[in-house]
Every structure is written in C-alpha cells, then in structure tokens.
>>> print(open('target_6.tsv').read())   # TSV, C-alpha atoms and all ligand atoms
chain	number	residue	atom	x	y	z
G	1	MET	CA	0.00	0.00	0.00
G	2	VAL	CA	2.75	2.43	1.12
G	3	LEU	CA	4.90	1.38	-1.87
G	4	SER	CA	2.09	1.93	-4.37
G	5	GLY	CA	1.47	5.38	-2.82
G	6	ILE	CA	5.15	6.28	-3.23
G	7	SER	CA	5.22	5.03	-6.81
G	8	SER	CA	2.10	7.07	-7.63
G	9	TRP	CA	3.81	10.20	-6.19
G	10	ILE	CA	6.99	9.51	-8.18
G	11	SER	CA	4.87	9.07	-11.31
G	12	LYS	CA	3.08	12.41	-10.62
G	13	ILE	CA	6.40	14.23	-10.06
G	14	PHE	CA	7.78	12.69	-13.29
G	15	GLN	CA	4.63	13.81	-15.13
G	16	ARG	CA	5.10	17.40	-13.81
G	17	ILE	CA	8.73	17.47	-14.99
G	18	CYS	CA	7.69	16.15	-18.41
G	19	MET	CA	4.93	18.77	-18.70
G	20	SER	CA	7.46	21.57	-18.29
G	21	ASP	CA	9.37	20.51	-21.41
G	22	SER	CA	7.63	19.93	-24.73
G	23	ARG	CA	9.93	17.18	-26.02
G	24	LEU	CA	9.79	15.31	-22.73
G	25	TYR	CA	6.01	15.65	-22.66
G	26	VAL	CA	5.69	14.29	-26.20
G	27	SER	CA	7.81	11.24	-25.35
G	28	PHE	CA	5.93	10.80	-22.05
G	29	LEU	CA	2.57	10.77	-23.88
G	30	ARG	CA	3.87	8.39	-26.55
G	31	LYS	CA	5.18	6.01	-23.87
G	32	LYS	CA	1.72	6.04	-22.32
G	33	GLY	CA	0.29	5.01	-25.70
G	34	ALA	CA	-1.06	8.27	-27.14
G	35	VAL	CA	-0.35	9.14	-30.78
G	36	VAL	CA	1.55	12.43	-31.13
G	37	GLY	CA	2.90	13.33	-34.57
G	38	ASN	CA	6.37	14.70	-35.27
G	39	GLY	CA	6.80	18.46	-35.03
G	40	THR	CA	3.97	18.85	-32.49
G	41	VAL	CA	4.84	21.12	-29.56
G	42	PHE	CA	3.31	21.89	-26.18
G	43	PHE	CA	4.01	25.38	-24.81
G	44	GLY	CA	3.67	26.06	-21.09
G	45	HIS	CA	1.30	24.01	-19.00
G	46	VAL	CA	-0.74	21.78	-21.32
G	47	THR	CA	-2.87	18.94	-19.94
G	48	ILE	CA	-3.49	15.95	-22.18
G	49	ASP	CA	-5.78	13.37	-20.61
G	50	PHE	CA	-4.00	10.02	-20.69
G	51	SER	CA	-6.48	8.06	-18.60
G	52	ARG	CA	-7.20	6.21	-21.88
G	53	PRO	CA	-4.11	6.93	-24.01
G	54	CYS	CA	-5.44	5.02	-27.04
G	55	LEU	CA	-8.17	7.69	-27.29
G	56	VAL	CA	-5.66	10.50	-27.93
G	57	GLU	CA	-4.59	11.04	-31.52
G	58	ILE	CA	-2.64	14.22	-32.29
G	59	GLY	CA	-1.21	14.81	-35.75
G	60	ARG	CA	2.00	16.42	-37.00
G	61	ASN	CA	3.07	20.05	-36.52
G	62	CYS	CA	0.36	20.98	-34.04
G	63	ILE	CA	0.84	23.74	-31.47
G	64	PHE	CA	-0.82	23.52	-28.05
G	65	THR	CA	-0.36	26.77	-26.12
G	66	ASP	CA	-0.35	27.44	-22.39
G	67	GLY	CA	-3.30	26.21	-20.36
G	68	VAL	CA	-4.84	23.99	-23.05
G	69	THR	CA	-6.68	20.91	-21.79
G	70	LEU	CA	-7.65	17.90	-23.90
G	71	LEU	CA	-10.08	15.48	-22.25
G	72	THR	CA	-11.06	11.94	-23.27
G	73	HIS	CA	-13.27	11.21	-20.31
G	74	GLY	CA	-15.84	12.71	-17.99
G	75	PHE	CA	-15.75	11.90	-14.30
G	76	ASP	CA	-19.19	13.49	-14.10
G	77	TRP	CA	-20.71	10.02	-13.73
G	78	ALA	CA	-19.88	10.34	-10.03
G	79	VAL	CA	-23.08	12.40	-9.65
G	80	LEU	CA	-25.14	9.67	-11.35
G	81	ARG	CA	-23.49	7.07	-9.11
G	82	GLU	CA	-24.61	8.92	-5.98
G	83	LYS	CA	-28.11	9.63	-7.28
G	84	TYR	CA	-28.92	6.33	-9.02
G	85	GLY	CA	-26.52	3.88	-7.35
G	86	GLU	CA	-25.00	2.93	-10.70
G	87	MET	CA	-21.69	3.65	-12.40
G	88	VAL	CA	-22.27	4.89	-15.96
G	89	SER	CA	-18.95	5.61	-17.62
G	90	SER	CA	-18.18	8.34	-20.12
G	91	SER	CA	-15.29	8.52	-22.60
G	92	GLY	CA	-14.53	9.33	-26.23
G	93	LYS	CA	-11.66	9.61	-28.68
G	94	VAL	CA	-10.18	13.01	-29.48
G	95	VAL	CA	-8.48	13.47	-32.83
G	96	VAL	CA	-6.49	16.60	-33.65
G	97	GLU	CA	-5.34	16.41	-37.26
G	98	ASP	CA	-2.08	17.86	-38.68
G	99	ASN	CA	-1.12	21.53	-38.41
G	100	VAL	CA	-3.64	22.65	-35.81
G	101	PHE	CA	-3.04	25.62	-33.48
G	102	VAL	CA	-4.87	25.56	-30.15
G	103	GLY	CA	-5.05	28.99	-28.43
G	104	VAL	CA	-4.36	29.69	-24.78
G	105	ASN	CA	-6.65	27.98	-22.23
G	106	ALA	CA	-8.83	26.22	-24.81
G	107	ILE	CA	-10.56	23.03	-23.71
G	108	ILE	CA	-11.10	20.13	-26.12
G	109	LEU	CA	-13.78	17.78	-24.86
G	110	LYS	CA	-14.13	14.03	-25.44
G	111	GLY	CA	-15.48	12.66	-28.70
G	112	THR	CA	-14.34	15.53	-30.91
G	113	ARG	CA	-12.18	15.86	-34.02
G	114	ILE	CA	-10.39	19.01	-35.19
G	115	GLY	CA	-9.59	18.96	-38.91
G	116	LYS	CA	-6.18	19.79	-40.33
G	117	ASN	CA	-4.90	23.36	-40.84
G	118	THR	CA	-7.31	24.79	-38.30
G	119	ILE	CA	-6.87	27.53	-35.66
G	120	ILE	CA	-8.77	27.21	-32.38
G	121	GLY	CA	-9.20	30.57	-30.60
G	122	ALA	CA	-8.04	31.32	-27.08
G	123	GLY	CA	-10.41	30.13	-24.35
G	124	SER	CA	-12.57	28.10	-26.72
G	125	VAL	CA	-14.46	25.01	-25.60
G	126	VAL	CA	-14.53	22.40	-28.36
G	127	THR	CA	-17.70	20.36	-27.91
G	128	HIS	CA	-18.31	19.22	-31.52
G	129	ASP	CA	-16.17	18.37	-34.54
G	130	ILE	CA	-14.43	21.34	-36.16
G	131	PRO	CA	-13.68	21.11	-39.90
G	132	SER	CA	-10.32	21.52	-41.66
G	133	ASP	CA	-8.93	24.83	-42.97
G	134	CYS	CA	-10.79	27.24	-40.73
G	135	VAL	CA	-10.59	29.48	-37.67
G	136	ALA	CA	-12.99	28.45	-34.91
G	137	ALA	CA	-13.56	30.05	-31.52
G	138	GLY	CA	-15.90	30.51	-28.59
G	139	ASN	CA	-17.90	28.43	-26.16
G	140	PRO	CA	-19.17	26.30	-27.79
G	141	CYS	CA	-16.40	26.56	-30.39
G	142	LYS	CA	-17.79	27.43	-33.84
G	143	VAL	CA	-16.24	28.31	-37.20
G	144	ILE	CA	-15.77	32.10	-37.44
G	145	MET	CA	-14.01	32.21	-40.82
G	146	SER	CA	-12.14	30.10	-43.37
G	147	LEU	CA	-8.37	29.82	-43.13
G	148	GLY	CA	-8.13	31.60	-46.51
G	149	GLU	CA	-10.10	34.56	-45.17
G	150	TYR	CA	-7.89	34.69	-42.09
G	151	TYR	CA	-4.75	34.61	-44.25
G	152	LYS	CA	-6.01	37.57	-46.30
G	153	LYS	CA	-6.90	39.46	-43.12
G	154	ARG	CA	-3.48	38.87	-41.55
G	155	LYS	CA	-1.73	39.90	-44.81
G	156	LYS	CA	-3.69	43.15	-44.72
G	157	ASP	CA	-3.27	43.95	-41.01
G	158	SER	CA	0.16	42.61	-40.09
G	159	ILE	CA	2.26	45.42	-41.61
G	160	GLU	CA	0.32	48.16	-39.82
G	161	GLU	CA	0.51	46.14	-36.60
G	162	ALA	CA	4.30	45.76	-36.93
G	163	LYS	CA	4.70	49.51	-37.50
G	164	ALA	CA	2.49	50.32	-34.50
G	165	TYR	CA	4.63	47.97	-32.40
G	166	ALA	CA	7.86	49.64	-33.56
G	167	LEU	CA	6.52	53.11	-32.75
G	168	GLU	CA	5.26	52.00	-29.35
G	169	LEU	CA	8.68	50.50	-28.54
G	170	TYR	CA	10.32	53.80	-29.47
G	171	LYS	CA	7.83	55.87	-27.44
G	172	LYS	CA	8.02	53.64	-24.36
G	173	THR	CA	11.80	53.20	-24.22
G	174	GLY	CA	12.99	56.37	-25.96
G	175	LYS	CA	15.43	54.13	-27.84
G	176	ILE	CA	15.57	53.06	-31.47
G	177	PRO	CA	14.11	49.53	-31.70
G	178	LYS	CA	16.58	46.76	-32.45
G	179	ILE	CA	16.21	44.33	-35.32
G	180	GLU	CA	16.00	41.50	-32.73
G	181	ASP	CA	12.75	43.02	-31.40
G	182	PHE	CA	11.10	41.88	-34.62
G	183	TRP	CA	11.58	38.15	-34.53
G	184	GLU	CA	8.12	37.56	-36.05
G	185	GLU	CA	7.93	40.73	-38.16
G	186	PHE	CA	11.33	40.63	-39.90
G	187	PRO	CA	10.06	39.37	-43.33
G	188	ILE	CA	8.59	42.88	-43.80
G	189	PHE	CA	12.03	44.52	-44.04
G	190	LEU	CA	14.87	41.99	-43.88
G	191	LYS	CA	17.11	41.78	-46.95
G	192	ARG	CA	17.11	38.30	-48.48
G	193	ASP	CA	20.82	38.07	-47.76
G	194	PRO	CA	22.06	35.30	-45.43
G	195	ARG	CA	24.06	37.77	-43.29
G	196	TRP	CA	21.10	38.44	-41.03
G	197	GLY	CA	23.03	38.32	-37.78
G	198	THR	CA	21.41	37.15	-34.58
G	199	LEU	CA	17.82	36.83	-35.79
G	200	PRO	CA	16.66	33.18	-35.71
G	201	VAL	CA	15.52	33.46	-39.34
G	202	LYS	CA	15.69	29.79	-40.35
G	203	ASP	CA	14.23	28.49	-37.08
G	204	GLN	CA	11.34	30.92	-37.20
G	205	LEU	CA	10.49	30.39	-40.84
G	206	GLY	CA	10.79	26.60	-40.82
G	207	SER	CA	9.10	25.18	-43.92
G	208	ALA	CA	8.48	28.74	-45.25
G	209	PHE	CA	12.21	29.52	-45.49
G	210	GLU	CA	12.57	28.73	-49.23
G	211	ASN	CA	9.60	30.99	-50.07
G	212	PHE	CA	11.08	33.73	-47.89
G	213	VAL	CA	14.40	33.65	-49.75
G	214	LYS	CA	12.58	33.98	-53.09
G	215	SER	CA	10.30	36.82	-51.90
G	216	GLN	CA	10.81	40.58	-51.59
G	217	PRO	CA	10.45	42.61	-48.37
G	218	THR	CA	7.78	45.34	-48.23
G	219	TYR	CA	10.42	47.84	-47.07
G	220	GLY	CA	13.91	47.99	-48.60
G	221	SER	CA	15.65	48.21	-45.24
G	222	PHE	CA	15.11	48.21	-41.48
G	223	ARG	CA	15.59	51.99	-41.58
G	224	ASP	CA	12.81	52.44	-44.17
G	225	PHE	CA	10.53	50.33	-42.00
G	226	LEU	CA	11.23	52.40	-38.87
G	227	LEU	CA	10.75	55.59	-40.87
G	228	ALA	CA	7.39	54.34	-42.15
G	229	ALA	CA	6.49	53.47	-38.55
G	230	GLY	CA	6.83	57.15	-37.67
G	231	ILE	CA	10.21	57.25	-35.92
G	232	PRO	CA	11.82	60.66	-36.69
G	233	LYS	CA	14.38	60.63	-39.51
G	234	GLU	CA	17.04	62.45	-37.48
G	235	LYS	CA	17.00	59.62	-34.90
G	236	LEU	CA	17.75	57.00	-37.54
G	237	LYS	CA	21.18	58.22	-38.72
G	238	SER	CA	23.00	55.15	-37.40
G	239	VAL	CA	20.41	52.64	-38.68
G	240	ASN	CA	20.84	50.86	-42.05
G	301	LIG	C1	-9.29	33.10	-33.07
G	301	LIG	C2	-8.35	34.23	-33.44
G	301	LIG	C3	-7.15	33.67	-34.20
G	301	LIG	C4	-9.16	35.16	-34.34
G	301	LIG	O1	-8.43	36.32	-34.54
G	301	LIG	P1	-9.01	37.56	-35.37
G	301	LIG	O2	-9.16	37.25	-36.79
G	301	LIG	O3	-8.20	38.75	-35.04
G	301	LIG	O4	-10.45	37.64	-34.79
G	301	LIG	P2	-11.45	38.86	-34.76
G	301	LIG	O5	-11.04	39.71	-33.62
G	301	LIG	O6	-11.60	39.49	-36.09
G	301	LIG	O7	-12.78	38.10	-34.39
G	301	LIG	C5	-13.76	37.67	-35.28
G	301	LIG	C6	-14.98	37.30	-34.43
G	301	LIG	O8	-14.65	36.15	-33.64
G	301	LIG	C7	-14.74	36.46	-32.24
G	301	LIG	N1	-13.57	35.84	-31.58
G	301	LIG	C8	-12.26	35.98	-31.92
G	301	LIG	N2	-11.50	35.26	-31.10
G	301	LIG	C9	-12.33	34.67	-30.21
G	301	LIG	C10	-12.12	33.81	-29.12
G	301	LIG	N3	-10.89	33.39	-28.80
G	301	LIG	N4	-13.19	33.37	-28.43
G	301	LIG	C11	-14.43	33.80	-28.76
G	301	LIG	N5	-14.70	34.60	-29.81
G	301	LIG	C12	-13.66	35.04	-30.52
G	301	LIG	C13	-14.69	37.98	-32.15
G	301	LIG	O9	-15.34	38.46	-31.01
G	301	LIG	C14	-15.37	38.37	-33.44
G	301	LIG	O10	-16.75	38.26	-33.26
G	301	LIG	P3	-17.76	39.36	-33.91
G	301	LIG	O11	-17.57	39.20	-35.41
G	301	LIG	O12	-19.08	38.93	-33.40
G	301	LIG	O13	-17.30	40.69	-33.41
G	301	LIG	C15	-7.84	34.97	-32.18
G	301	LIG	O14	-8.88	35.73	-31.59
G	301	LIG	C16	-7.28	34.05	-31.11
G	301	LIG	O15	-7.98	33.58	-30.22
G	301	LIG	N6	-5.97	33.78	-31.23
G	301	LIG	C17	-5.23	32.90	-30.34
G	301	LIG	C18	-4.36	33.72	-29.40
G	301	LIG	C19	-3.50	32.83	-28.58
G	301	LIG	O16	-3.94	31.90	-27.95
G	301	LIG	N7	-2.22	33.12	-28.60
G	301	LIG	C20	-1.23	32.28	-27.95
G	301	LIG	C21	0.15	32.84	-28.13
G	301	LIG	S1	1.34	31.71	-27.55
>>> encode(input="target_6.tsv", output="structure tokens")
Amino acid sequence: MVLSGISSWISKIFQRICMSDSRLYVSFLRKKGAVVGNGTVFFGHVTIDFSRPCLVEIGRNCIFTDGVTLLTHGFDWAVLREKYGEMVSSSGKVVVEDNVFVGVNAIILKGTRIGKNTIIGAGSVVTHDIPSDCVAAGNPCKVIMSLGEYYKKRKKDSIEEAKAYALELYKKTGKIPKIEDFWEEFPIFLKRDPRWGTLPVKDQLGSAFENFVKSQPTYGSFRDFLLAAGIPKEKLKSVN
C-alpha cells in the first residue's frame, strides 16, 4: 500500500517534470500510448488526458499553447453514481489532425475531431467536430471564418501592426528599436541576404524559409521600415 502510494507520487512528479518541457512531454505521452505526430509542440502548461491513451490522436506540426486541456473522459458520472446507485462511464476519442493551433486555455472535450490546418481561438471550448482549414472560436467553439479569409486578413493587417509595435517601442523606451525586437515581423524589411546576424531566421520560418528567400520585403531596409512606422528621420542616422 505504502509502496504503491510512493510510486504514484513519483509518477506524478515525473509527469510534472515532463509537462514543463515539450519534447519530454511528447515522449511521455507516446510512452503512455497516445499518438503524437512529429513536429507537435506543447508550450507552457498543457494537460493531455492520458487516462485512456489510445483515445488520444494528435497529428503532426500541431501547437498547443499554455493552459490547453484535452479530455477523453468525464468523471461526471460520479453524480449519477450517488443519485442512481450505478456507475455509468463516459469517454470518447479526441483526434487533432495535422497543423492545428490551439489557443491559450482552450478546452477540447471528449469525442471531438479538429480537422487539419485549423486555428482554435483562445479560451474556446470544443464540444463538436471542427472542420479543416478554418478558424474556430468561442464556447461552444464554432467556425468564425475560413483559413483563406484569415490569411487575407493577416496579410492586410500585419504590416500596420508591426509599424504600430515599432513606434510604441520607441515611445516607451525612448530608444531606437533593435532588429532583434522583430523576430516575427522581420520578413517585412529583412534583406534576403544570409548575413542576417542574430535573428533566428531559419528556425522561425521553418518550412516557409525557401519561399522567404525567393520573396521581396515590403520595405527595402530596417531603416525604411522604422521611418514608415513614424520614428523621426534624425533619430535613424545610425540605422541601415
Ligand atoms: C481566433 C483568433 C485567431 C481570431 O483572430 P481575429 O481574426 O483577429 O479575430 P477577430 O477579432 O476578427 O474576431 C472575429 C470574431 O470572432 C470572435 N472571436 C475571436 N477570437 C475569439 C475567441 N478566442 N473566443 C471567442 N470569440 C472570438 C470575435 O469576437 C469576433 O466576433 P464578432 O464578429 O461577433 O465581433 C484569435 O482571436 C485568437 O484567439 N488567437 C489565439 C491567441 C493565442 O492563444 N495566442 C497564444 C500565443 S502563444
């Protein structure tokens, strides 16, 4: 009895350690028997229900952000047990197909499938199947737009957002922003020349790297970008 208690504590501590590191968590889940595809990452504190590991199927290149919970069972039957004197179990497979992003604190409930190339909004509660190639959000989680529409929207808004961020950085710190501050925004201004210094260009772009190299930036230089953001010209003398 004492030994089984100790082993359960050790197992819980091991689980906590694994949950703090994405690669460890992936191998922990796979050892338990869940399917987790290559390239899938878990950021922060993600909870994947492994009470029935064979009911968890996560595809390749998925991103689970902080606070996400995926459940394959409901312990709610405890209420029925007390009321009706019977144990009526509850479980269901959860499938998350390839290239799915799950926003902060979303909850994916048992018996659901999320199609490939789909974005699940922060705080959503997934109670039904969600199709491929869309953005879905809310409680209950519903499709709010197609992935194509979202792509167009981001293409339209992202440059203005990056400029607003640059200006805010300048206003708040009184200093000229550094190129390293733009580790998601750099395609807007970075020369397609491999001497890009400390920016993690290849790591960030991943499979989009080849396209990036062949493309053209919106602004010819970092200086032009900062100028367009509204930072005074006289402050940019030392910036290329
Ligand atoms: C889902 C998401 C991608 C949509 O982004 P967006 O295109 O900017 O969305 P919009 O603000 O145009 O919203 C469109 C509609 O969906 C609703 N909506 C957007 N996100 C929502 C969410 N998470 N939950 C509920 N409703 C949401 C909006 O209220 C809006 O509704 P309306 O048309 O009735 O006004 C985004 O809101 C989101 O949740 N991103 C995830 C953020 C995150 O978790 N980041 C982690 C970083 S590690």
>>> residues_around(input="target_6.tsv", residues="segment 170-172 of chain G", least_positions_apart="3", cutoff="10 Å", atoms="all atoms listed in the file", output="MDAnalysis selection string")
chainID G and resid 164:167 175:178 226 229:231
>>> closest_atom_pairs(input="target_6.tsv", of="segment 54-168 of chain G", to="segment 179-189 of chain G", cutoff="9 Å", atoms="only C-alpha atoms", output="CSV")
residue,atom,partner,partner_atom,distance
G:Ser158,CA,G:Glu185,CA,8.2
G:Ile159,CA,G:Ile188,CA,7.2
G:Ala162,CA,G:Glu185,CA,6.3
G:Ala166,CA,G:Phe182,CA,8.5
>>> closest_residue(input="target_6.tsv", among="G:Glu97, G:Glu149, G:Asp133, G:Asp49", to="ligand LIG 301 (chain G)", atoms="all atoms listed in the file")
G:Glu149
>>> residues_near_ligand(input="target_6.tsv", ligand="ligand LIG 301 (chain G)", cutoff="10 Å", atoms="all atoms listed in the file", output="count of residues only")
41
>>> atom_distance(input="target_6.tsv", atom1="atom CA of Lys233 of chain G", atom2="atom CA of Lys156 of chain G")
25.7 Å
>>> atom_distance(input="target_6.tsv", atom1="atom CA of Asp193 of chain G", atom2="atom CA of Val239 of chain G")
17.2 Å
>>> residues_near_point(input="target_6.tsv", point="(-7.0, 9.7, -32.1)", cutoff="12 Å", atoms="only C-alpha atoms", output="MDAnalysis selection string")
chainID G and resid 33:37 50 52:59 70:72 92:98 110:115
>>> residues_around(input="target_6.tsv", residues="Asn38 of chain G", least_positions_apart="5", cutoff="9 Å", atoms="only C-alpha atoms", output="MDAnalysis selection string")
chainID G and resid 59:62
>>> closest_residue(input="target_6.tsv", among="G:Glu210, G:Glu82, G:Asp224, G:Glu168", to="Leu236 of chain G", atoms="all atoms listed in the file")
G:Asp224
>>> closest_residue(input="target_6.tsv", among="G:Arg195, G:Phe212, G:Gly85, G:Asp21", to="His45 of chain G", atoms="only C-alpha atoms")
G:Asp21
>>> axis_aligned_box(input="target_6.tsv", around="segment 74-87 of chain G", padding_each_side="6 Å", output="JSON")
{"center_x": -22.3, "center_y": 8.2, "center_z": -12.0, "size_x": 25.2, "size_y": 22.6, "size_z": 24.0}
